[in-house]
>>> print(open('data.txt').read())   # compact mmCIF, C-alpha atoms
# COMPACT_ATOMS: atom_id res chain seq x y z
CA MET K 1 -2.66 50.08 -65.37
CA ILE K 2 -6.16 50.68 -66.72
CA ARG K 3 -6.39 47.14 -68.08
CA GLY K 4 -5.36 45.72 -64.71
CA VAL K 5 -7.96 47.79 -62.85
CA PHE K 6 -10.53 46.87 -65.49
CA LEU K 7 -9.89 43.15 -64.95
CA LEU K 8 -10.29 43.49 -61.16
CA LEU K 9 -13.57 45.40 -61.57
CA PHE K 10 -14.77 43.06 -64.31
CA PHE K 11 -14.23 39.96 -62.18
CA GLN K 12 -15.86 41.61 -59.17
CA LEU K 13 -18.85 42.44 -61.36
CA ALA K 14 -18.99 38.87 -62.70
CA GLY K 15 -18.75 37.63 -59.11
CA GLU K 16 -21.59 39.91 -57.95
CA ILE K 17 -23.81 38.78 -60.83
CA LEU K 18 -23.11 35.10 -60.16
CA ALA K 19 -23.41 35.41 -56.35
CA ARG K 20 -26.74 37.24 -56.53
CA GLY K 21 -28.12 35.39 -59.54
CA LEU K 22 -27.52 31.97 -58.01
CA SER K 23 -27.97 33.12 -54.36
CA LEU K 24 -24.50 31.78 -53.52
CA PRO K 25 -23.50 31.90 -49.83
CA ALA K 26 -20.22 33.74 -50.64
CA PRO K 27 -20.08 37.53 -51.25
CA GLY K 28 -19.58 38.80 -54.82
CA PRO K 29 -15.91 39.86 -54.51
CA VAL K 30 -14.99 36.41 -53.12
CA VAL K 31 -16.73 34.71 -56.06
CA GLY K 32 -14.88 37.16 -58.34
CA LEU K 33 -11.59 36.10 -56.71
CA GLY K 34 -12.38 32.45 -57.49
CA LEU K 35 -13.34 33.30 -61.08
CA LEU K 36 -10.09 35.21 -61.60
CA VAL K 37 -7.98 32.31 -60.29
CA ALA K 38 -9.85 29.95 -62.65
CA ALA K 39 -9.42 32.41 -65.54
CA MET K 40 -5.66 32.67 -64.94
CA ALA K 41 -5.37 28.87 -64.88
CA GLY K 42 -7.38 28.66 -68.11
CA TRP K 43 -5.37 31.45 -69.76
CA ARG K 44 -2.09 29.73 -68.88
CA ALA K 45 -3.21 26.49 -70.54
CA PHE K 46 -4.13 28.47 -73.65
CA ARG K 47 -1.15 30.82 -73.69
CA PRO K 48 1.67 29.93 -71.26
CA PHE K 49 3.18 32.63 -69.00
CA ASP K 50 5.60 32.39 -66.14
CA ASP K 51 5.42 33.86 -62.65
CA GLU K 52 7.63 36.79 -63.59
CA GLU K 53 5.36 37.74 -66.51
CA LEU K 54 2.28 37.58 -64.30
CA ALA K 55 3.90 39.78 -61.66
CA SER K 56 4.94 42.43 -64.19
CA SER K 57 1.67 42.33 -66.19
CA GLU K 58 -0.88 45.12 -65.86
CA LEU K 59 -3.05 42.84 -63.75
CA GLY K 60 -0.10 41.83 -61.56
CA ARG K 61 0.91 45.44 -60.95
CA ALA K 62 -2.66 46.63 -60.28
CA ALA K 63 -3.17 43.80 -57.78
CA ALA K 64 0.16 44.40 -56.05
CA GLY K 65 -0.50 48.14 -55.80
CA MET K 66 -3.93 47.52 -54.31
CA LEU K 67 -2.70 44.98 -51.75
CA ALA K 68 0.34 47.03 -50.75
CA ASN K 69 -2.05 49.76 -49.55
CA LEU K 70 -4.74 47.53 -48.12
CA SER K 71 -4.48 49.34 -44.76
CA LEU K 72 -5.83 52.55 -46.32
CA LEU K 73 -9.05 50.83 -47.36
CA PHE K 74 -10.04 50.14 -43.73
CA VAL K 75 -9.81 53.78 -42.68
CA PRO K 76 -13.36 54.89 -43.71
CA ALA K 77 -14.99 51.98 -41.84
CA GLY K 78 -12.65 52.49 -38.89
CA VAL K 79 -13.59 56.15 -38.65
CA GLY K 80 -17.22 55.02 -38.52
CA VAL K 81 -16.64 53.30 -35.20
CA VAL K 82 -15.06 56.35 -33.56
CA GLN K 83 -18.53 57.75 -32.85
CA TYR K 84 -19.42 54.54 -31.00
CA LEU K 85 -16.39 54.53 -28.71
CA GLY K 86 -18.73 55.68 -25.91
CA LEU K 87 -20.29 52.21 -26.00
CA LEU K 88 -17.10 50.89 -24.47
CA ARG K 89 -17.59 52.95 -21.32
CA ALA K 90 -20.04 50.49 -19.76
CA GLU K 91 -17.89 47.34 -19.92
CA GLY K 92 -14.59 48.89 -20.98
CA VAL K 93 -12.27 46.92 -18.70
CA ALA K 94 -13.90 43.55 -19.36
CA LEU K 95 -13.90 44.15 -23.13
CA ALA K 96 -10.31 45.44 -23.27
CA ALA K 97 -9.09 42.45 -21.28
CA ALA K 98 -11.13 40.04 -23.41
CA LEU K 99 -9.79 41.47 -26.70
CA ILE K 100 -6.15 41.53 -25.61
CA VAL K 101 -6.17 38.04 -24.07
CA SER K 102 -8.27 36.52 -26.86
CA THR K 103 -6.21 37.99 -29.72
CA PHE K 104 -2.98 36.85 -28.07
CA VAL K 105 -4.24 33.32 -27.31
CA THR K 106 -5.88 32.95 -30.75
CA LEU K 107 -2.65 33.87 -32.58
CA ILE K 108 -0.71 31.27 -30.57
CA ALA K 109 -3.35 28.52 -30.84
CA THR K 110 -3.78 29.03 -34.58
CA VAL K 111 -0.09 29.09 -35.44
CA GLY K 112 0.47 26.13 -33.07
CA ALA K 113 -2.21 23.99 -34.71
CA PHE K 114 -0.91 24.90 -38.18
CA LEU K 115 2.68 23.92 -37.39
CA ALA K 116 1.74 20.82 -35.36
CA VAL K 117 -0.25 19.32 -38.23
CA LYS K 118 2.41 20.32 -40.74
CA ARG K 119 5.01 18.45 -38.72
CA LEU K 120 2.65 15.52 -38.21
CA ILE K 121 2.17 15.00 -41.94
CA GLY K 122 5.92 15.46 -42.45
CA LEU K 123 6.07 18.60 -44.53
CA ARG K 124 9.37 20.41 -44.50
CA ARG K 125 9.34 23.85 -42.99
CA GLU K 126 9.28 26.53 -45.64
CA VAL K 127 10.96 29.76 -44.79
CA MET O 22 -16.80 85.90 -44.23
CA ILE O 23 -15.54 84.48 -47.51
CA PRO O 24 -13.15 81.92 -45.95
CA PHE O 25 -15.95 80.72 -43.69
CA ARG O 26 -18.39 80.28 -46.59
CA LEU O 27 -15.71 78.51 -48.56
CA TRP O 28 -15.20 76.13 -45.64
CA VAL O 29 -18.95 75.53 -45.33
CA TYR O 30 -18.97 74.60 -48.99
CA LEU O 31 -15.83 72.44 -48.95
CA GLN O 32 -16.87 70.56 -45.85
CA THR O 33 -19.88 69.14 -47.67
CA THR O 34 -18.05 68.04 -50.83
CA PRO O 35 -16.78 64.48 -51.33
CA LEU O 36 -13.51 65.96 -52.61
CA PHE O 37 -12.54 67.40 -49.25
CA TRP O 38 -13.04 64.26 -47.18
CA LEU O 39 -11.56 61.96 -49.81
CA THR O 40 -8.44 64.14 -49.84
CA ALA O 41 -8.42 64.25 -46.03
CA THR O 42 -8.59 60.43 -45.84
CA LEU O 43 -5.61 60.02 -48.16
CA ALA O 44 -3.71 62.79 -46.36
CA ALA O 45 -4.31 61.15 -42.98
CA TYR O 46 -3.10 57.82 -44.36
CA ILE O 47 0.04 59.37 -45.87
CA VAL O 48 0.83 61.12 -42.57
CA ALA O 49 0.14 57.89 -40.63
CA ASP O 50 2.33 55.91 -43.03
CA ARG O 51 5.14 58.50 -42.65
CA ILE O 52 4.89 58.21 -38.87
CA ALA O 53 5.04 54.41 -39.14
CA ALA O 54 8.07 54.66 -41.46
CA ALA O 55 9.79 57.13 -39.12
CA ALA O 56 9.27 54.62 -36.30
CA GLY O 57 11.10 52.03 -38.40
CA ARG O 58 7.79 50.19 -39.15
CA HIS O 59 7.61 49.24 -35.50
CA PRO O 60 4.45 47.09 -35.20
CA VAL O 61 3.04 49.16 -32.32
CA VAL O 62 2.91 52.22 -34.60
CA ASN O 63 -0.01 50.93 -36.67
CA PRO O 64 -0.87 53.14 -39.68
CA VAL O 65 -4.57 52.16 -39.69
CA ALA O 66 -5.00 53.16 -36.04
CA ILE O 67 -3.16 56.47 -36.54
CA ALA O 68 -5.10 57.38 -39.70
CA ILE O 69 -8.42 56.57 -37.99
CA ALA O 70 -7.47 58.69 -34.99
CA LEU O 71 -6.40 61.62 -37.21
CA VAL O 72 -9.60 61.60 -39.28
CA GLY O 73 -11.74 60.98 -36.18
CA ALA O 74 -10.18 63.98 -34.45
CA LEU O 75 -10.71 66.15 -37.55
CA LEU O 76 -14.39 65.16 -37.70
CA MET O 77 -14.82 66.01 -34.03
CA LEU O 78 -13.01 69.35 -34.31
CA THR O 79 -15.07 70.41 -37.32
CA GLY O 80 -18.33 68.97 -36.02
CA THR O 81 -18.78 66.92 -39.20
CA ASP O 82 -21.13 63.94 -39.09
CA TYR O 83 -20.09 60.54 -40.37
CA GLN O 84 -22.50 60.55 -43.31
CA THR O 85 -20.94 63.73 -44.70
CA TYR O 86 -17.49 62.23 -44.23
CA PHE O 87 -18.48 58.94 -45.87
CA ASN O 88 -19.80 60.73 -48.98
CA GLY O 89 -16.15 61.38 -49.76
CA ALA O 90 -14.53 58.37 -48.11
CA GLN O 91 -16.83 55.91 -49.89
CA PHE O 92 -14.51 56.02 -52.93
CA VAL O 93 -11.77 54.49 -50.78
CA HIS O 94 -14.17 52.10 -49.04
CA PHE O 95 -15.40 50.93 -52.45
CA LEU O 96 -11.92 49.64 -53.31
CA LEU O 97 -12.29 46.84 -50.71
CA GLY O 98 -14.20 44.90 -53.40
CA PRO O 99 -11.56 45.04 -56.16
CA ALA O 100 -8.85 44.54 -53.48
CA THR O 101 -10.54 41.25 -52.52
CA VAL O 102 -10.48 40.18 -56.18
CA ALA O 103 -6.82 41.27 -56.33
CA LEU O 104 -6.00 38.54 -53.77
CA ALA O 105 -6.45 36.13 -56.71
CA VAL O 106 -3.04 37.11 -58.14
CA PRO O 107 -0.80 36.26 -55.13
CA LEU O 108 -3.07 33.28 -54.42
CA TYR O 109 -2.54 31.96 -57.95
CA ARG O 110 1.21 32.59 -57.73
CA ASN O 111 1.35 30.52 -54.52
CA LEU O 112 -1.27 27.93 -55.42
CA GLU O 113 1.13 25.01 -55.02
CA LEU O 114 2.22 26.11 -51.54
CA VAL O 115 -1.44 26.60 -50.56
CA SER O 116 -2.51 23.17 -51.81
CA ARG O 117 0.36 21.53 -49.89
CA ASN O 118 -0.89 23.17 -46.70
CA LEU O 119 -4.56 22.21 -46.83
CA LEU O 120 -4.46 19.97 -43.74
CA PRO O 121 -2.51 22.41 -41.54
CA MET O 122 -4.98 25.13 -42.60
CA ALA O 123 -8.01 23.00 -41.75
CA ALA O 124 -6.62 22.22 -38.28
CA ALA O 125 -5.61 25.84 -37.64
CA LEU O 126 -9.04 27.04 -38.77
CA ALA O 127 -10.89 24.71 -36.39
CA VAL O 128 -8.63 25.38 -33.40
CA GLY O 129 -8.33 29.10 -34.07
CA ALA O 130 -12.03 29.82 -34.64
CA VAL O 131 -13.05 28.03 -31.42
CA THR O 132 -10.23 29.66 -29.42
CA ALA O 133 -11.14 33.16 -30.65
CA ILE O 134 -14.75 32.81 -29.48
CA VAL O 135 -14.22 30.85 -26.26
CA SER O 136 -11.26 32.87 -24.92
CA ALA O 137 -13.01 36.21 -25.45
CA LEU O 138 -16.26 35.08 -23.83
CA VAL O 139 -14.59 33.40 -20.84
CA VAL O 140 -12.55 36.51 -19.98
CA ALA O 141 -15.40 38.99 -20.50
CA ARG O 142 -17.86 36.87 -18.52
CA ALA O 143 -15.42 36.41 -15.64
CA LEU O 144 -15.15 40.21 -15.49
CA GLY O 145 -18.92 40.56 -15.30
CA ALA O 146 -19.99 41.49 -18.85
CA PRO O 147 -23.75 40.96 -19.39
CA ARG O 148 -25.17 38.66 -22.03
CA ALA O 149 -25.90 41.31 -24.69
CA VAL O 150 -22.27 42.47 -24.50
CA LEU O 151 -21.01 38.87 -24.74
CA VAL O 152 -23.11 38.29 -27.87
CA SER O 153 -21.69 41.49 -29.41
CA LEU O 154 -18.16 40.34 -28.55
CA ALA O 155 -18.33 36.73 -29.82
CA PRO O 156 -17.80 37.43 -33.58
CA LYS O 157 -14.98 40.01 -33.11
CA SER O 158 -12.43 38.05 -35.15
CA VAL O 159 -14.41 38.03 -38.41
CA THR O 160 -14.73 40.77 -40.98
CA ALA O 161 -17.00 43.66 -39.88
CA GLY O 162 -19.98 43.07 -42.18
CA VAL O 163 -20.31 39.40 -41.24
CA ALA O 164 -19.69 40.06 -37.52
CA MET O 165 -22.39 42.74 -37.35
CA ALA O 166 -24.92 40.44 -39.03
CA VAL O 167 -24.15 37.65 -36.52
CA SER O 168 -24.42 40.07 -33.59
CA GLU O 169 -27.75 41.42 -34.82
CA THR O 170 -29.28 37.97 -35.38
CA LEU O 171 -28.37 36.75 -31.88
CA GLY O 172 -29.47 39.86 -29.99
CA GLY O 173 -26.22 41.81 -29.72
CA ALA O 174 -25.51 45.44 -30.58
CA PRO O 175 -24.03 45.71 -34.12
CA PRO O 176 -22.33 49.12 -33.53
CA LEU O 177 -20.56 47.74 -30.44
CA THR O 178 -19.56 44.69 -32.50
CA ALA O 179 -18.08 47.00 -35.17
CA VAL O 180 -15.94 48.78 -32.55
CA LEU O 181 -14.74 45.42 -31.17
CA VAL O 182 -13.97 44.08 -34.67
CA ILE O 183 -11.84 47.09 -35.63
CA ALA O 184 -10.06 47.00 -32.23
CA THR O 185 -9.34 43.27 -32.65
CA GLY O 186 -7.95 43.94 -36.13
CA ILE O 187 -5.57 46.61 -34.86
CA LEU O 188 -4.54 44.53 -31.81
CA GLY O 189 -3.70 41.51 -33.95
CA ALA O 190 -1.78 43.63 -36.45
CA ILE O 191 0.24 45.11 -33.58
CA MET O 192 0.85 41.83 -31.72
CA VAL O 193 1.61 39.37 -34.51
CA THR O 194 5.15 40.32 -35.53
CA PRO O 195 6.74 40.62 -32.05
CA LEU O 196 4.83 37.55 -30.84
CA MET O 197 5.87 35.31 -33.75
CA ASN O 198 9.45 36.56 -33.58
CA ALA O 199 9.55 35.82 -29.84
CA LEU O 200 8.26 32.31 -30.55
CA LYS O 201 10.93 31.99 -33.27
CA ILE O 202 8.32 31.02 -35.89
CA ARG O 203 9.66 31.72 -39.36
CA ASP O 204 6.99 29.90 -41.37
CA TYR O 205 5.24 32.84 -43.05
CA ALA O 206 2.34 30.68 -44.18
CA ALA O 207 1.56 29.81 -40.54
CA ARG O 208 2.15 33.36 -39.29
CA GLY O 209 -0.10 34.84 -41.97
CA PHE O 210 -2.84 32.29 -41.40
CA ALA O 211 -2.88 33.07 -37.67
CA VAL O 212 -3.19 36.84 -38.10
CA GLY O 213 -5.85 36.56 -40.83
CA LEU O 214 -7.92 34.26 -38.65
CA ALA O 215 -7.56 36.33 -35.46
CA SER O 216 -7.71 39.79 -37.04
CA HIS O 217 -9.49 39.59 -40.44
CA GLY O 218 -8.71 42.30 -43.05
CA ILE O 219 -6.63 44.59 -40.86
CA GLY O 220 -4.46 41.60 -39.91
CA THR O 221 -4.27 40.65 -43.60
CA ALA O 222 -3.13 44.18 -44.49
CA ARG O 223 -0.36 43.85 -41.91
CA ALA O 224 0.60 40.42 -43.29
CA PHE O 225 0.90 41.79 -46.84
CA ALA O 226 3.12 44.58 -45.49
CA VAL O 227 5.47 41.97 -43.99
CA ASP O 228 5.54 39.15 -46.58
CA PRO O 229 3.46 38.23 -49.67
CA VAL O 230 3.14 34.55 -48.63
CA ALA O 231 1.91 35.66 -45.19
CA GLY O 232 -0.58 37.92 -46.97
CA VAL O 233 -1.97 35.09 -49.10
CA PHE O 234 -2.48 32.80 -46.11
CA ALA O 235 -3.97 35.64 -44.06
CA GLY O 236 -6.49 36.32 -46.82
CA ILE O 237 -7.46 32.65 -46.97
CA ALA O 238 -7.85 32.45 -43.18
CA MET O 239 -9.99 35.59 -43.12
CA GLY O 240 -12.29 34.17 -45.81
CA LEU O 241 -12.63 30.75 -44.18
CA ASN O 242 -13.22 32.18 -40.71
CA ALA O 243 -16.01 34.40 -42.07
CA VAL O 244 -17.83 31.14 -42.89
CA VAL O 245 -16.90 29.05 -39.82
CA THR O 246 -17.35 31.56 -36.96
CA PRO O 247 -21.00 32.45 -37.76
CA ALA O 248 -21.79 28.72 -37.73
CA LEU O 249 -19.92 28.10 -34.43
CA ILE O 250 -21.29 30.97 -32.34
CA PRO O 251 -24.90 29.73 -31.99
CA VAL O 252 -23.50 26.36 -30.86
CA LEU O 253 -20.99 27.75 -28.34
CA LEU O 254 -23.03 30.66 -26.98
CA PRO O 255 -25.43 28.68 -24.71
CA TRP O 256 -22.43 27.27 -22.80
CA LEU O 257 -20.44 30.45 -22.61
CA ALA O 258 -22.97 33.25 -22.22
CA GLY O 259 -25.38 31.52 -19.85
>>> encode(input="data.txt", output="structure tokens")
Amino acid sequence: MIRGVFLLLFFQLAGEILARGLSLPAPGPVVGLGLLVAAMAGWRAFRPFDDEELASSELGRAAAGMLANLSLLFVPAGVGVVQYLGLLRAEGVALAAALIVSTFVTLIATVGAFLAVKRLIGLRREV
Amino acid sequence: MIPFRLWVYLQTTPLFWLTATLAAYIVADRIAAAAGRHPVVNPVAIAIALVGALLMLTGTDYQTYFNGAQFVHFLLGPATVALAVPLYRNLELVSRNLLPMAAALAVGAVTAIVSALVVARALGAPRAVLVSLAPKSVTAGVAMAVSETLGGAPPLTAVLVIATGILGAIMVTPLMNALKIRDYAARGFAVGLASHGIGTARAFAVDPVAGVFAGIAMGLNAVVTPALIPVLLPWLAG
């Protein structure tokens, strides 16, 4: 558990250092994500492991636990907007309509483009 | 007098509001479970409403609340790094879907901006509101920066971003089921693009492959949308 959490923090820290040090356009945690993927690929070449071993490793369990409760992590920021709900009073109807229509249309357009190109290049549908 | 003084003390400690945040989430998650994980019963929305109501009832300001809640907020960083594990486990599937992802990213990012602005403008929203609305599909930090640079109101943008996240998380499952789309890579990519982290959280709750593709879409859209908005805005916001 602790080793898994340590690895996540360590790679975030490495990502922050690299992102700031080299003024990369990506945020630190995203750079850390890339570093961790590269590290896992490197580690596998050096000492082979299978998917099952990765999933049940300390890192695998820490990551799965974190991602299973991802919703919780948006609560503090979400609460922050509650005090600004009054801002919606001015253009409430226009904004509500825009968000509902746009989210609906965007989901359909995105999934449509994804599947259309997938079919075009002849990939089989994965379930 | 002692209970009141105790409350005055507790209310200012990080411990109280950290505990309250987790309690609200557990209650919200229980409610969602009791509703059979029905997508309309969104745990993020319920937890936000519960904590928001508690802050209002107790007259607590956000800064005091955040002193405690920051420990949860902080975990967004390591959680982003944690995406590396499912991404690595599905690397082959991801690399086989590069072209579909590129097409979906281009179409989706443009659709998200254009559709929102067309509807809001038709209903009479002024320019400053349109600018605040344009980046609503990208993650809050990036969206607020875009809004600020182009003359919008970052707090309004934050409200619209969170609302878009919750809407997408609510809509995606019934919508995709109605369209009979069973490709979880495509479903996840769509919700991550339209509804950033809150959509990604929903995707991970449904299927790990959907979660991976949602995370990728969220990351890519955070790069593409800020570049597109200055180009599209002159046509759409007048």
>>> atom_distance(input="data.txt", atom1="CA of Ala116 (chain K)", atom2="CA of Asp228 (chain O)")
21.8 Å
>>> atom_distance(input="data.txt", atom1="CA of Ala133 (chain O)", atom2="CA of Ala190 (chain O)")
15.2 Å
>>> atom_distance(input="data.txt", atom1="CA of Ala68 (chain K)", atom2="CA of Ala109 (chain K)")
27.4 Å
>>> residues_around(input="data.txt", residues="Tyr84 (chain K)", least_positions_apart="4", cutoff="7 Å", atoms="only C-alpha atoms", output="number ranges by chain")
O: 176-177, 180
>>> closest_residue(input="data.txt", among="O:Tyr83, O:Tyr30, O:Phe25, O:Phe37", to="chain K", atoms="only C-alpha atoms")
O:Tyr83
>>> closest_residue(input="data.txt", among="O:Gln91, O:Ser216, O:Asn118, O:Thr246", to="Ser102 (chain K)", atoms="all atoms listed in the file")
O:Ser216
>>> closest_residue(input="data.txt", among="O:Met122, O:Ala143, O:Leu104, O:Ile183", to="Asn242 (chain O)", atoms="only C-alpha atoms")
O:Met122
>>> axis_aligned_box(input="data.txt", around="region 96-101 of chain K", padding_each_side="6 Å", output="JSON")
{"center_x": -8.6, "center_y": 41.7, "center_z": -24.0, "size_x": 17.0, "size_y": 19.4, "size_z": 17.4}
>>> residues_around(input="data.txt", residues="Gly80 (chain O)", least_positions_apart="6", cutoff="12 Å", atoms="only C-alpha atoms", output="PyMOL selection string")
(chain K and resi 83) or (chain O and resi 29+32-33+72-74+86)
>>> residues_around(input="data.txt", residues="region 96-98 of chain O", least_positions_apart="5", cutoff="9 Å", atoms="only C-alpha atoms", output="PyMOL selection string")
(chain K and resi 8-9+12+28-30+66+70+73-74) or (chain O and resi 91+103)
>>> write_last_selection(input="data.txt", atoms="C-alpha atoms", output="short mmCIF file (atom, residue, chain, number, x, y, z; two decimals), keeping the file's coordinate frame")
data_model
loop_
_atom_site.label_atom_id
_atom_site.label_comp_id
_atom_site.auth_asym_id
_atom_site.auth_seq_id
_atom_site.Cartn_x
_atom_site.Cartn_y
_atom_site.Cartn_z
CA LEU K 8 -10.29 43.49 -61.16
CA LEU K 9 -13.57 45.40 -61.57
CA GLN K 12 -15.86 41.61 -59.17
CA GLY K 28 -19.58 38.80 -54.82
CA PRO K 29 -15.91 39.86 -54.51
CA VAL K 30 -14.99 36.41 -53.12
CA MET K 66 -3.93 47.52 -54.31
CA LEU K 70 -4.74 47.53 -48.12
CA LEU K 73 -9.05 50.83 -47.36
CA PHE K 74 -10.04 50.14 -43.73
CA GLN O 91 -16.83 55.91 -49.89
CA ALA O 103 -6.82 41.27 -56.33
#
>>> closest_residue(input="data.txt", among="O:Leu78, O:Val65, O:Ala124, O:Leu138", to="Thr110 (chain K)", atoms="all atoms listed in the file")
O:Ala124
